[in-house]
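File shown: query08.csv. Contents: CSV, C-alpha atoms.
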chain,number,residue,atom,x,y,z
A,1,MET,CA,-32.1,17.4,-102.9
A,2,ALA,CA,-29.2,15.0,-102.7
A,3,GLU,CA,-27.6,17.0,-99.9
A,4,LEU,CA,-30.9,17.2,-98.0
A,5,ALA,CA,-31.3,13.4,-98.3
A,6,ALA,CA,-27.7,12.9,-97.0
A,7,VAL,CA,-28.4,15.1,-94.0
A,8,GLU,CA,-31.6,13.2,-93.3
A,9,ILE,CA,-29.8,9.9,-93.5
A,10,VAL,CA,-27.1,11.0,-91.0
A,11,ILE,CA,-29.7,12.3,-88.6
A,12,ILE,CA,-31.8,9.1,-88.7
A,13,CYS,CA,-28.7,7.0,-88.3
A,14,ILE,CA,-27.6,9.0,-85.2
A,15,ILE,CA,-31.1,8.7,-83.7
A,16,LEU,CA,-31.2,4.9,-84.2
A,17,ALA,CA,-27.6,4.6,-82.9
A,18,ILE,CA,-28.6,6.5,-79.7
A,19,THR,CA,-31.5,4.1,-79.2
A,20,LEU,CA,-29.2,1.1,-79.4
A,21,VAL,CA,-26.7,2.8,-77.0
A,22,ILE,CA,-29.4,3.4,-74.5
A,23,GLY,CA,-30.2,-0.3,-74.6
A,24,PHE,CA,-26.6,-1.4,-74.1
A,25,VAL,CA,-25.8,1.2,-71.4
A,26,ASN,CA,-28.9,0.3,-69.3
A,27,ARG,CA,-28.6,-3.5,-69.5
A,28,ALA,CA,-30.8,-5.2,-66.9
A,29,ASN,CA,-31.1,-8.7,-65.6
A,30,GLY,CA,-34.2,-10.8,-65.9
A,31,GLU,CA,-35.6,-9.9,-62.5
A,32,ASN,CA,-35.4,-6.2,-63.0
A,33,ALA,CA,-36.1,-5.9,-66.7
A,34,GLY,CA,-39.7,-5.0,-66.2
A,35,ARG,CA,-39.1,-2.6,-63.3
A,36,ALA,CA,-37.7,0.9,-63.3
A,37,LYS,CA,-38.1,3.9,-61.0
A,38,ALA,CA,-38.3,7.2,-62.8
A,39,SER,CA,-39.2,10.8,-62.3
A,40,LEU,CA,-42.5,12.5,-63.0
A,41,LEU,CA,-41.2,14.1,-66.2
A,42,THR,CA,-39.8,10.8,-67.5
A,43,ILE,CA,-42.9,8.7,-67.0
A,44,THR,CA,-45.3,11.5,-68.2
A,45,VAL,CA,-43.3,11.9,-71.4
A,46,SER,CA,-43.1,8.1,-71.8
A,47,ILE,CA,-46.9,7.8,-71.7
A,48,VAL,CA,-47.3,10.7,-74.2
A,49,VAL,CA,-44.8,9.1,-76.6
A,50,THR,CA,-46.3,5.6,-76.2
A,51,PHE,CA,-49.7,6.8,-77.5
A,52,SER,CA,-48.3,9.4,-80.0
A,53,SER,CA,-47.7,7.0,-82.9
A,54,SER,CA,-47.4,7.7,-86.5
A,55,ILE,CA,-51.1,6.9,-86.8
A,56,ALA,CA,-52.0,9.8,-84.5
A,57,MET,CA,-49.5,12.1,-86.1
A,58,MET,CA,-50.9,11.7,-89.6
A,59,GLY,CA,-54.5,10.8,-88.8
A,60,VAL,CA,-55.5,13.4,-86.2
A,61,PRO,CA,-54.6,16.6,-88.2
A,62,SER,CA,-56.4,15.3,-91.3
A,63,GLU,CA,-59.5,14.3,-89.4
A,64,TYR,CA,-59.6,17.7,-87.6
A,65,TRP,CA,-59.2,19.5,-91.0
A,66,LYS,CA,-62.0,17.5,-92.5
A,67,TYR,CA,-64.5,17.4,-89.6
A,68,GLY,CA,-63.6,20.5,-87.6
A,69,PRO,CA,-63.9,21.1,-83.9
A,70,ARG,CA,-66.3,18.2,-83.4
A,71,TYR,CA,-63.3,15.9,-83.4
A,72,CYS,CA,-62.3,17.5,-80.1
A,73,ILE,CA,-65.3,15.9,-78.4
A,74,ILE,CA,-63.0,13.0,-77.6
A,75,GLY,CA,-60.7,15.4,-75.8
A,76,LEU,CA,-63.5,16.0,-73.2
A,77,THR,CA,-63.3,12.4,-72.1
A,78,TYR,CA,-59.7,12.7,-70.8
A,79,ILE,CA,-60.9,14.4,-67.6
A,80,PRO,CA,-63.4,11.7,-66.5
A,81,VAL,CA,-61.0,9.0,-67.7
A,82,ALA,CA,-58.2,10.4,-65.5
A,83,ILE,CA,-60.5,10.5,-62.5
A,84,VAL,CA,-61.7,6.9,-62.9
A,85,VAL,CA,-58.2,5.6,-63.6
A,86,CYS,CA,-56.7,7.3,-60.6
A,87,LYS,CA,-59.5,6.3,-58.3
A,88,TYR,CA,-60.1,2.7,-59.2
A,89,PHE,CA,-57.4,1.3,-61.5
A,90,ILE,CA,-54.0,2.7,-60.2
A,91,PRO,CA,-54.7,1.7,-56.5
A,92,ARG,CA,-55.6,-1.8,-57.7
A,93,PHE,CA,-52.4,-2.3,-59.6
A,94,CYS,CA,-49.9,-0.2,-57.6
A,95,GLY,CA,-51.3,-0.8,-54.2
A,96,HIS,CA,-51.4,-4.6,-54.3
A,97,GLY,CA,-48.1,-5.6,-55.7
A,98,PHE,CA,-49.2,-6.6,-59.2
A,99,GLU,CA,-46.5,-6.8,-61.9
A,100,SER,CA,-48.8,-6.6,-64.9
A,101,SER,CA,-52.4,-6.1,-65.9
A,102,PHE,CA,-52.6,-9.9,-66.6
A,103,GLU,CA,-51.6,-10.9,-63.1
A,104,ILE,CA,-54.8,-9.6,-61.6
A,105,LEU,CA,-56.7,-11.9,-64.0
A,106,THR,CA,-54.7,-14.9,-62.8
A,107,ARG,CA,-55.5,-14.1,-59.2
A,108,ARG,CA,-59.1,-13.1,-59.8
A,109,PHE,CA,-60.0,-16.0,-62.2
A,110,ASP,CA,-57.3,-18.5,-63.4
A,111,LYS,CA,-54.3,-18.8,-65.7
A,112,ASN,CA,-56.4,-19.7,-68.7
A,113,THR,CA,-58.2,-16.4,-68.5
A,114,SER,CA,-54.9,-14.6,-68.2
A,115,LYS,CA,-53.5,-16.5,-71.2
A,116,LEU,CA,-56.5,-15.6,-73.3
A,117,ALA,CA,-56.1,-11.9,-72.5
A,118,ILE,CA,-52.4,-12.1,-73.2
A,119,SER,CA,-53.0,-13.7,-76.6
A,120,ILE,CA,-55.6,-11.1,-77.5
A,121,TYR,CA,-53.2,-8.3,-76.4
A,122,LEU,CA,-50.3,-9.8,-78.4
A,123,PHE,CA,-52.4,-10.1,-81.5
A,124,GLN,CA,-53.6,-6.5,-81.1
A,125,CYS,CA,-50.0,-5.2,-80.6
A,126,SER,CA,-48.7,-7.1,-83.6
A,127,ILE,CA,-51.2,-5.4,-85.9
A,128,TYR,CA,-50.8,-2.0,-84.2
A,129,LEU,CA,-47.0,-2.1,-84.3
A,130,GLY,CA,-47.0,-3.2,-87.9
A,131,VAL,CA,-49.2,-0.2,-88.9
A,132,THR,CA,-47.3,2.2,-86.6
A,133,LEU,CA,-43.8,1.3,-88.1
A,134,TYR,CA,-45.1,1.3,-91.6
A,135,ALA,CA,-45.4,5.1,-91.8
A,136,PRO,CA,-41.8,5.9,-90.7
A,137,ALA,CA,-40.6,3.0,-92.9
A,138,GLN,CA,-42.2,4.6,-95.9
A,139,ALA,CA,-40.6,7.9,-95.0
A,140,LEU,CA,-37.2,6.2,-94.9
A,141,VAL,CA,-37.9,4.5,-98.3
A,142,ALA,CA,-38.4,8.0,-99.8
A,143,ILE,CA,-34.8,8.9,-99.1
A,144,LEU,CA,-33.4,5.4,-99.3
A,145,PRO,CA,-35.3,3.8,-102.2
A,146,SER,CA,-32.6,1.2,-102.7
A,147,ALA,CA,-33.0,-0.2,-99.2
A,148,GLY,CA,-36.5,-1.5,-99.7
A,149,LEU,CA,-39.5,-1.4,-97.4
A,150,ILE,CA,-39.0,-4.9,-95.9
A,151,THR,CA,-35.3,-4.2,-95.1
A,152,ILE,CA,-36.1,-1.0,-93.3
A,153,LEU,CA,-39.0,-2.5,-91.4
A,154,SER,CA,-36.7,-5.3,-90.3
A,155,ILE,CA,-34.1,-2.9,-89.1
A,156,LEU,CA,-36.6,-0.9,-87.1
A,157,PHE,CA,-38.1,-3.9,-85.5
A,158,LEU,CA,-34.6,-5.3,-84.7
A,159,ILE,CA,-33.5,-2.1,-83.0
A,160,CYS,CA,-36.7,-2.0,-80.9
A,161,ILE,CA,-36.3,-5.6,-79.9
A,162,ILE,CA,-32.6,-5.2,-79.0
A,163,THR,CA,-33.1,-2.1,-77.0
A,164,THR,CA,-36.0,-3.5,-75.0
A,165,ALA,CA,-34.5,-6.9,-74.5
A,166,LEU,CA,-31.2,-5.5,-73.2
A,167,GLY,CA,-32.3,-2.5,-71.2
A,168,GLY,CA,-35.7,-3.5,-70.1
A,169,MET,CA,-38.1,-1.0,-68.8
A,170,LYS,CA,-35.4,1.5,-67.8
A,171,ALA,CA,-34.1,1.7,-71.4
A,172,VAL,CA,-37.7,2.0,-72.7
A,173,LEU,CA,-38.4,5.0,-70.4
A,174,ILE,CA,-35.1,6.7,-71.3
A,175,SER,CA,-35.7,6.1,-75.0
A,176,ASP,CA,-39.2,7.5,-74.7
A,177,LEU,CA,-37.7,10.6,-73.1
A,178,PHE,CA,-35.2,11.0,-75.9
A,179,TYR,CA,-37.8,10.5,-78.6
A,180,GLY,CA,-40.1,12.9,-76.8
A,181,CYS,CA,-37.5,15.6,-77.3
A,182,VAL,CA,-37.2,14.7,-80.9
A,183,MET,CA,-40.9,14.8,-81.4
A,184,ILE,CA,-41.2,18.2,-79.7
A,185,PHE,CA,-38.6,19.6,-82.0
A,186,GLY,CA,-40.1,18.1,-85.1
A,187,GLN,CA,-43.7,19.1,-84.3
A,188,SER,CA,-42.6,22.6,-83.3
A,189,TRP,CA,-40.8,22.9,-86.7
A,190,ILE,CA,-43.9,21.7,-88.5
A,191,LEU,CA,-46.1,24.1,-86.5
A,192,ILE,CA,-43.9,27.0,-87.3
A,193,SER,CA,-43.7,26.1,-91.0
A,194,GLY,CA,-47.5,25.6,-91.1
A,195,PHE,CA,-48.2,29.1,-89.6
A,196,ARG,CA,-45.7,30.6,-92.0
A,197,GLU,CA,-47.3,28.9,-95.0
A,198,ALA,CA,-50.8,29.9,-93.8
A,199,PHE,CA,-50.0,33.6,-93.2
A,200,THR,CA,-47.9,33.8,-96.4
A,201,ASN,CA,-50.5,32.4,-98.7
A,202,LEU,CA,-53.4,33.6,-96.6
A,203,THR,CA,-54.9,30.1,-96.5
A,204,LYS,CA,-58.6,30.3,-95.5
A,205,TYR,CA,-60.2,27.6,-93.5
A,206,GLU,CA,-63.9,27.3,-92.8
A,207,PHE,CA,-65.1,25.0,-90.1
A,208,PRO,CA,-67.5,22.4,-91.4
A,209,GLU,CA,-71.1,22.8,-90.3
A,210,TYR,CA,-72.3,20.4,-87.7
A,211,ASN,CA,-75.6,19.9,-86.0
A,212,TYR,CA,-75.0,18.6,-82.4
A,213,ASP,CA,-78.2,16.5,-82.4
A,214,VAL,CA,-77.9,13.6,-80.0
A,215,GLN,CA,-80.4,11.6,-82.1
A,216,LYS,CA,-78.0,11.5,-85.1
A,217,PHE,CA,-75.5,8.7,-85.2
A,218,SER,CA,-73.0,10.7,-87.3
A,219,LEU,CA,-69.2,10.5,-87.3
A,220,TYR,CA,-67.6,12.1,-84.3
A,221,SER,CA,-70.8,12.7,-82.4
A,222,ILE,CA,-71.4,12.5,-78.7
A,223,TRP,CA,-72.0,8.8,-79.1
A,224,ASP,CA,-68.8,7.6,-80.8
A,225,SER,CA,-66.4,10.3,-79.7
A,226,GLY,CA,-67.9,11.0,-76.3
A,227,ILE,CA,-69.2,7.7,-74.9
A,228,GLY,CA,-67.1,5.5,-77.2
A,229,GLY,CA,-64.0,7.6,-76.7
A,230,PHE,CA,-64.4,7.4,-72.9
A,231,PHE,CA,-64.3,3.6,-72.9
A,232,MET,CA,-61.5,3.5,-75.5
A,233,CYS,CA,-59.3,5.8,-73.3
A,234,LEU,CA,-60.3,3.8,-70.3
A,235,TYR,CA,-58.8,0.7,-71.9
A,236,LEU,CA,-55.7,2.6,-73.1
A,237,TYR,CA,-54.9,4.2,-69.7
A,238,GLY,CA,-56.6,1.9,-67.3
A,239,VAL,CA,-55.7,-1.7,-68.2
A,240,ASN,CA,-53.4,-1.5,-71.2
A,241,GLN,CA,-50.1,-3.2,-70.3
A,242,ALA,CA,-48.1,-0.3,-71.8
A,243,SER,CA,-49.7,2.1,-69.3
A,244,ILE,CA,-49.6,-0.2,-66.3
A,245,GLN,CA,-45.8,-0.8,-66.7
A,246,ARG,CA,-45.3,3.0,-66.5
A,247,TYR,CA,-47.6,3.4,-63.5
A,248,LEU,CA,-45.6,0.7,-61.7
A,249,SER,CA,-42.4,2.7,-62.3
A,250,ALA,CA,-43.8,5.3,-59.9
A,251,SER,CA,-42.4,5.4,-56.4
A,252,SER,CA,-45.9,5.3,-54.8
A,253,VAL,CA,-49.6,5.2,-55.7
A,254,SER,CA,-50.0,9.0,-55.2
A,255,ASP,CA,-47.0,9.5,-57.5
A,256,ALA,CA,-48.6,7.4,-60.2
A,257,LYS,CA,-51.8,9.4,-59.9
A,258,GLN,CA,-49.9,12.7,-60.4
A,259,ARG,CA,-48.5,11.3,-63.6
A,260,VAL,CA,-51.9,10.5,-64.9
A,261,TYR,CA,-53.5,13.8,-63.9
A,262,PHE,CA,-50.5,15.7,-65.4
A,263,TYR,CA,-50.7,13.7,-68.7
A,264,HIS,CA,-54.4,14.1,-69.2
A,265,ARG,CA,-54.3,17.8,-68.3
A,266,ARG,CA,-51.7,18.3,-71.0
A,267,ARG,CA,-53.8,16.3,-73.5
A,268,PHE,CA,-56.9,18.2,-72.7
A,269,SER,CA,-55.2,21.6,-73.0
Could you render the structure from this file as structure tokens?
Amino acid sequence: MAELAAVEIVIICIILAITLVIGFVNRANGENAGRAKASLLTITVSIVVTFSSSIAMMGVPSEYWKYGPRYCIIGLTYIPVAIVVCKYFIPRFCGHGFESSFEILTRRFDKNTSKLAISIYLFQCSIYLGVTLYAPAQALVAILPSAGLITILSILFLICIITTALGGMKAVLISDLFYGCVMIFGQSWILISGFREAFTNLTKYEFPEYNYDVQKFSLYSIWDSGIGGFFMCLYLYGVNQASIQRYLSASSVSDAKQRVYFYHRRRFS
């Protein structure tokens, strides 16, 4: 067990060190910090990694196990969301020279409206990032109990801030590509181990019964997962600043649309 913990510590330190190196190598000045041109693969992986947080990694499998295929109703919303985003949102941002999703509010209304939206977004991100980093921090505490949760959280936040502040959007995209490879390897290992465990122990799973009655306001119904999921995804991929910055990294409007279609096709499949 001690040897395994030592190996895990070394791997984690290497991953965090690579993240810092990416930030230092791709140092950008203030004017270009928010801009970066990248390939189809890089931006697509970046979008996937951005919304594949620890919340999704731990929450989605458990929800699917508990509620069965009806959780997949939300997956049906990716196709109409991709169409709406590509037809109405991307041309608005990429085709008119906007630098962020908040700039359009300034031009359409005034600075006070934009400041209000920024404040709400920062508040939401603060809560989201805190919950997102809490899960990996707890995993690190399991192998480094002497470090403490607050210390590990501080280190993770500091690495994210340094990498983003130094390297700007280019470092973010490259880091996302690197972490995408790490996630693919880790999830593939978990998937293989899960299949091996299931076939070895002959684990039997029965899908929960579900009555697809549109009159019932039950959990993961057409109302909350279908209609509600559509508007949730529309916010995430249509006006969320994390998505907009990645769309702006495309070389053209059509190039940005290809990234969205490719991403949602992969999510749906």
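Distance-wise, CA of Gln138 in chain A and CA of Ile161 in chain A end up 19.9 Å apart.
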What separation in Å, quoted to one decimal, exists between CA of Val49 in chain A and CA of Ser119 in chain A? 24.2 Å
Measure the distance from CA of Leu177 in chain A to CA of Ile55 in chain A in Å and round it to one decimal. 19.5 Å
So, with only C-alpha atoms as the atoms that count, which of A:Val7, A:Leu133, A:Val81, A:Ile120 lies closest to Ile227 in chain A?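 Of A:Val7, A:Leu133, A:Val81, A:Ile120, the one nearest Ile227 in chain A, counting only C-alpha atoms, is A:Val81.
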Find the spatial neighbours of Lys37 in chain A, counting all atoms listed in the file, within a cut-off of 10 Å - ignore same-chain residues fewer than 2 positions away - and output them as a PyMOL selection string. chain A and resi 35+39-40+42-43+169-170+173+246-251
Applying 12 Å and all atoms listed in the file, which residues near Pro61 in chain A remain after dropping the ones on its own chain fewer than 3 positions away? List them as an mmCIF file with C-alpha atoms, keeping the file's coordinate frame.
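Below is the file result-v5.cif, written as the result:
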data_model
loop_
_atom_site.group_PDB
_atom_site.id
_atom_site.type_symbol
_atom_site.label_atom_id
_atom_site.label_comp_id
_atom_site.auth_asym_id
_atom_site.auth_seq_id
_atom_site.Cartn_x
_atom_site.Cartn_y
_atom_site.Cartn_z
ATOM 1 C CA SER A 54 -47.400 7.700 -86.500
ATOM 2 C CA ILE A 55 -51.100 6.900 -86.800
ATOM 3 C CA ALA A 56 -52.000 9.800 -84.500
ATOM 4 C CA MET A 57 -49.500 12.100 -86.100
ATOM 5 C CA MET A 58 -50.900 11.700 -89.600
ATOM 6 C CA TYR A 64 -59.600 17.700 -87.600
ATOM 7 C CA TRP A 65 -59.200 19.500 -91.000
ATOM 8 C CA LYS A 66 -62.000 17.500 -92.500
ATOM 9 C CA TYR A 67 -64.500 17.400 -89.600
ATOM 10 C CA GLY A 68 -63.600 20.500 -87.600
ATOM 11 C CA PRO A 69 -63.900 21.100 -83.900
ATOM 12 C CA TYR A 71 -63.300 15.900 -83.400
ATOM 13 C CA CYS A 72 -62.300 17.500 -80.100
ATOM 14 C CA GLN A 187 -43.700 19.100 -84.300
ATOM 15 C CA ILE A 190 -43.900 21.700 -88.500
ATOM 16 C CA LEU A 191 -46.100 24.100 -86.500
ATOM 17 C CA GLY A 194 -47.500 25.600 -91.100
#
Minimum-distance residue to Glu99 in chain A, chosen among A:Ala6, A:Ala242, A:Ala142, A:Ala117 (using all atoms listed in the file):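 Of all the options, A:Ala242 lies closest to Glu99 in chain A.
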Restricting the calculation to only C-alpha atoms, which member of A:Ile74, A:Tyr134, A:Ile47, A:Ile90 is positioned closest to Val60 in chain A?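 Using only C-alpha atoms, the shortest distance to Val60 in chain A belongs to A:Ile74.
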Given the choices A:Thr106, A:Ser101, A:Ser154, A:Ser193, which gets closest to Tyr121 in chain A if the distance is worked out from only C-alpha atoms?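 Nearest candidate to Tyr121 in chain A out of A:Thr106, A:Ser101, A:Ser154, A:Ser193: A:Ser101.
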Long-range neighbours of Tyr235 in chain A as a list in words, 10 Å cut-off, all atoms listed in the file, 6 positions minimum in chain: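 The filter keeps Val81, Val85, Gly229, Gln241 and Ser243 of chain A.
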Shortest interatomic distance to Arg92 in chain A - which of A:Gly238, A:Pro80, A:Gly148, A:Gly130, counting all atoms listed in the file: A:Gly238
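Among the candidate residues A:Thr164, A:Ser53, A:Gly186, A:Glu197, the one lying nearest to Asn26 in chain A is A:Thr164, with distances computed using all atoms listed in the file.
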Please list, as a VMD selection string, the residues that have an atom at most 12 Å away from (-62.5, 9.5, -60.6) in the coordinates of this file, counting all atoms listed in the file. chain A and resid 77 to 91 234 238 257 260 to 261
Please, what is the axis-aligned box for every listed atom of range 233-247 of chain A with 6 Å on each side, as centre and edge lengths in Å to one decimal, as lines of an AutoDock Vina configuration file?
center_x = -52.8
center_y = 1.3
center_z = -68.4
size_x = 27.0
size_y = 21.0
size_z = 21.8
